[in-house]
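Heads up, start-v1.txt below (compact mmCIF, C-alpha atoms):
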```txt
# COMPACT_ATOMS: atom_id res chain seq x y z
CA MET A 1 -10.33 -13.06 6.74
CA ILE A 2 -7.03 -11.30 7.28
CA LYS A 3 -6.74 -8.36 9.70
CA ASP A 4 -5.21 -5.07 8.62
CA ILE A 5 -2.03 -5.57 10.63
CA VAL A 6 -0.94 -1.92 10.57
CA GLN A 7 -4.29 -0.73 11.84
CA TYR A 8 -4.46 -3.51 14.43
CA ARG A 9 -1.00 -2.70 15.80
CA ALA A 10 -1.74 1.04 15.76
CA LYS A 11 -4.58 0.30 18.17
CA LEU A 12 -2.68 -2.30 20.20
CA ASN A 13 0.66 -0.51 20.56
CA PRO A 14 0.47 2.92 18.87
CA ASN A 15 3.86 4.26 19.99
CA LYS A 16 5.89 1.23 18.93
CA ILE A 17 8.23 1.92 16.03
CA PHE A 18 6.86 0.46 12.80
CA ILE A 19 9.62 1.52 10.43
CA ILE A 20 12.70 3.71 10.30
CA ASP A 21 13.00 5.90 7.22
CA GLN A 22 16.01 8.17 6.67
CA ASN A 23 16.93 7.90 10.37
CA LYS A 24 13.42 8.94 11.42
CA ASN A 25 11.31 6.64 13.58
CA ILE A 26 7.75 6.19 12.35
CA THR A 27 5.36 4.67 14.88
CA TYR A 28 2.38 2.53 14.00
CA LEU A 29 0.10 5.41 14.96
CA ASP A 30 1.97 7.97 12.81
CA PHE A 31 2.04 5.61 9.84
CA ASN A 32 -1.64 4.77 10.27
CA GLN A 33 -2.62 8.43 10.51
CA GLN A 34 -0.71 9.14 7.31
CA VAL A 35 -2.54 6.26 5.60
CA SER A 36 -5.84 7.79 6.75
CA SER A 37 -4.86 11.20 5.35
CA ILE A 38 -3.99 9.59 2.02
CA MET A 39 -7.37 7.82 2.07
CA GLN A 40 -9.11 11.17 2.47
CA TYR A 41 -7.14 12.60 -0.46
CA ILE A 42 -7.83 9.58 -2.70
CA ASN A 43 -11.56 9.80 -1.94
CA LYS A 44 -11.50 13.36 -3.27
CA ILE A 45 -9.64 12.69 -6.53
CA CYS A 46 -10.15 9.04 -7.60
CA GLU A 47 -13.50 7.36 -8.13
CA HIS A 48 -12.27 4.33 -10.09
CA LYS A 49 -11.67 0.84 -8.70
CA TYR A 50 -8.25 0.51 -10.36
CA ILE A 51 -5.75 3.26 -9.53
CA GLY A 52 -2.46 3.64 -11.42
CA LEU A 53 0.53 4.51 -9.23
CA GLN A 54 4.00 5.75 -10.08
CA ILE A 55 5.48 6.69 -6.72
CA SER A 56 9.22 6.53 -6.08
CA ASN A 57 9.07 7.21 -2.31
CA LYS A 58 8.77 3.67 -0.91
CA ILE A 59 7.06 4.75 2.34
CA LYS A 60 4.46 6.78 0.45
CA LEU A 61 3.98 3.87 -1.97
CA LEU A 62 3.33 1.45 0.92
CA GLN A 63 0.97 3.92 2.61
CA THR A 64 -0.90 4.46 -0.65
CA ILE A 65 -1.27 0.71 -1.29
CA ILE A 66 -2.68 0.24 2.23
CA ALA A 67 -5.00 3.25 1.77
CA LEU A 68 -6.29 1.89 -1.53
CA ASN A 69 -6.80 -1.60 -0.07
CA ARG A 70 -8.81 -0.10 2.79
CA LEU A 71 -10.92 1.75 0.24
CA ASN A 72 -11.50 -1.49 -1.71
CA LYS A 73 -9.57 -0.10 -4.66
CA ILE A 74 -6.85 -1.97 -6.53
CA PRO A 75 -3.46 -0.29 -6.99
CA ILE A 76 -1.56 -0.83 -10.22
CA ILE A 77 2.12 -0.12 -9.66
CA TYR A 78 3.73 1.21 -12.82
CA PRO A 79 7.52 0.88 -13.00
CA PRO A 80 9.50 4.06 -13.74
CA HIS A 81 10.85 3.19 -17.18
CA ILE A 82 10.58 4.52 -20.70
CA ASN A 83 8.23 1.84 -22.01
CA ILE A 84 5.56 2.78 -19.50
CA ARG A 85 3.12 3.53 -22.33
CA ASP A 86 3.04 -0.22 -23.16
CA ASN A 87 2.00 -0.98 -19.57
CA ILE A 88 -0.72 1.66 -19.62
CA ILE A 89 -2.03 0.37 -22.96
CA ALA A 90 -2.04 -3.20 -21.58
CA THR A 91 -4.07 -2.30 -18.47
CA LYS A 92 -6.11 0.57 -19.95
CA ILE A 93 -5.55 2.38 -16.61
CA LYS A 94 -3.75 5.73 -16.55
CA ILE A 95 -1.39 6.89 -13.82
CA ASN A 96 -3.62 8.53 -11.20
CA LEU A 97 -1.14 9.16 -8.39
CA THR A 98 2.50 10.26 -8.55
CA ASP A 99 5.03 11.67 -6.08
CA GLU A 100 3.77 15.19 -6.86
CA HIS A 101 0.30 14.41 -5.49
CA PHE A 102 1.68 14.09 -1.95
CA ASN A 103 2.35 17.82 -1.89
CA GLN A 104 -1.45 18.20 -1.84
CA VAL A 105 -2.19 15.66 0.90
CA LYS A 106 -3.15 17.36 4.16
CA TYR A 107 -1.72 15.20 6.93
CA ASN A 108 -4.00 15.12 9.91
CA LYS A 109 -3.42 13.60 13.32
CA LYS A 110 -7.01 12.38 13.34
CA ASP A 111 -7.36 8.83 12.08
CA TYR A 112 -10.40 8.70 9.78
CA SER A 113 -10.04 5.04 8.82
CA GLN A 114 -10.70 3.49 12.20
CA ASN A 115 -14.41 3.83 13.00
CA ASN A 116 -13.56 1.72 16.10
CA LYS A 117 -13.40 -1.56 14.20
CA ILE A 118 -10.57 -3.62 12.78
CA ILE A 119 -10.55 -3.77 9.00
CA LYS A 120 -10.48 -7.31 7.61
CA TYR A 121 -9.73 -8.54 4.11
CA ASN A 122 -10.64 -11.65 2.20
CA LYS A 123 -7.42 -13.60 1.57
CA ASN A 124 -8.28 -14.11 -2.10
CA VAL A 125 -8.96 -10.45 -2.92
CA THR A 126 -6.45 -8.71 -5.17
CA GLN A 127 -4.11 -6.50 -3.15
CA VAL A 128 -2.00 -5.09 -5.96
CA ILE A 129 -1.20 -5.42 -9.64
CA LEU A 130 2.51 -5.51 -10.51
CA PHE A 131 4.33 -5.98 -13.79
CA THR A 132 6.70 -8.81 -14.65
CA SER A 133 10.25 -7.85 -15.53
CA GLY A 134 9.62 -8.44 -19.23
CA THR A 135 12.96 -10.18 -19.75
CA THR A 136 11.46 -12.36 -22.49
CA GLY A 137 9.15 -9.73 -23.96
CA ILE A 138 6.74 -7.01 -22.93
CA PRO A 139 6.11 -6.86 -19.14
CA LYS A 140 2.75 -8.34 -18.20
CA ALA A 141 0.41 -7.28 -15.41
CA CYS A 142 0.08 -9.81 -12.54
CA GLU A 143 -2.61 -9.68 -9.87
CA LEU A 144 -1.39 -10.60 -6.38
CA THR A 145 -3.72 -11.45 -3.52
CA TYR A 146 -3.23 -11.26 0.23
CA ASN A 147 -2.78 -15.02 0.16
CA ASN A 148 0.11 -14.66 -2.32
CA PHE A 149 1.86 -12.23 0.03
CA LYS A 150 1.13 -14.35 3.11
CA HIS A 151 2.70 -17.48 1.59
CA ASN A 152 5.64 -15.52 0.18
CA THR A 153 6.26 -13.96 3.60
CA LYS A 154 6.24 -17.38 5.26
CA LEU A 155 8.75 -18.71 2.72
CA TRP A 156 11.07 -15.72 3.28
CA ASN A 157 10.76 -16.12 7.03
CA ASN A 158 11.85 -19.78 6.71
CA ILE A 159 14.97 -18.61 4.88
CA ILE A 160 15.82 -15.45 6.89
CA ASN A 161 14.24 -16.29 10.26
CA PHE A 162 13.05 -12.78 11.09
CA SER A 163 13.03 -11.58 14.69
CA GLU A 164 10.80 -9.05 16.47
CA GLU A 165 13.42 -6.35 15.82
CA ASP A 166 13.41 -6.82 12.02
```
Spit out the file's structure as structure tokens when you get a sec.
Amino acid sequence: MIKDIVQYRAKLNPNKIFIIDQNKNITYLDFNQQVSSIMQYINKICEHKYIGLQISNKIKLLQTIIALNRLNKIPIIYPPHINIRDNIIATKIKINLTDEHFNQVKYNKKDYSQNNKIIKYNKNVTQVILFTSGTTGIPKACELTYNNFKHNTKLWNNIINFSEED
């Protein structure tokens, strides 16, 4: 089982900076609370297991992916290009969440996702569905698991040698 690292660090060191976006520091706690607010919104509007996303704001996209994973839903990330209809036909999943939906999310300082336990994931469970570049034809949907991301991260770390500050 793999721990939800964002949630774990929000409990362990809530005021530590998680990410800097447009010169604004976002702590683990702030990020985690925003994920929880998105979870509440998703619970109100999406009942399906597979949720189509077309979100250009990278922070909101990451928060939404984490929120969906915590809800045991699978995000399908649709690229913003003109042939999007081919992707939707291939997956049979419409776009459920876009940038405009975040105007309706009520951000709350209360963290609904915690329930005083650390969320854990099976390493072989699908985390996200992405599309290939389609350089040799129509882009194809690819399921990626936590294990895929874990091994990819290790390989990148061997090349870049990340530090605590990265």
Between atom CA of Lys123 of chain A and atom CA of Ile160 of chain A, what is the spacing in Å?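 The value is 23.9 Å.
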Just to confirm, what's the straight-line distance from atom CA of Leu29 of chain A to atom CA of Val6 of chain A in Å (one decimal)?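 It comes out at 8.6 Å.
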Might you pull out every residue within 9 Å of Ile38 of chain A, with only C-alpha atoms counted and same-chain residues fewer than 4 positions away left off, and present them as a ChimeraX atom specification? /A:33-34,42-43,63-64,67-68,102,105-107
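Candidate residues A:Thr91, A:Asn124, A:Asn108, A:Gln22 were compared for distance to Asn147 of chain A, and the nearest is A:Asn124, using all atoms listed in the file.
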Work out how far apart atom CA of Ile66 of chain A and atom CA of Ile19 of chain A are and give it in Å to one decimal. 14.8 Å
Shortest interatomic distance to Ile5 of chain A - which of A:Lys150, A:Lys24, A:Lys58, A:Lys140, counting all atoms listed in the file: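 Nearest candidate to Ile5 of chain A out of A:Lys150, A:Lys24, A:Lys58, A:Lys140: A:Lys150.
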Just checking: using only C-alpha atoms, which residue out of A:Cys46, A:His101, A:Ile93, A:Lys109 ends up closest to Asn32 of chain A?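 Looking only at the distances to Asn32 of chain A, the closest residue turns out to be A:Lys109.
Using only C-alpha atoms, the smallest distance between any of A:Ile51, A:Ile159, A:Ile88, A:Ile77 and Cys142 of chain A comes from A:Ile77.
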List the spatial neighbours of segment 73-76 of chain A as a ChimeraX atom specification - criterion: any atom at most 8 Å away, all atoms listed in the file, same-chain residues fewer than 6 positions off excluded. /A:48-53,65,126-130
Considering all atoms listed in the file, state which residue in the set A:Ile89, A:Asp4, A:Asn161, A:Lys44 is at the smallest distance from Tyr146 of chain A.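 Smallest separation from Tyr146 of chain A among the options: A:Asp4.
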Nearest-residue call for Thr98 of chain A, choices A:Lys11, A:Arg85, A:Lys120, A:Lys60, using all atoms listed in the file: A:Lys60
Please provide as a list in words all residues within 9 Å of Asn15 of chain A, with the sequence filter that same-chain residues fewer than 4 positions apart are discarded (counting only C-alpha atoms).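 The contact residues come out as Ala10, Ile26, Thr27, Tyr28, Leu29 and Asp30 of chain A.
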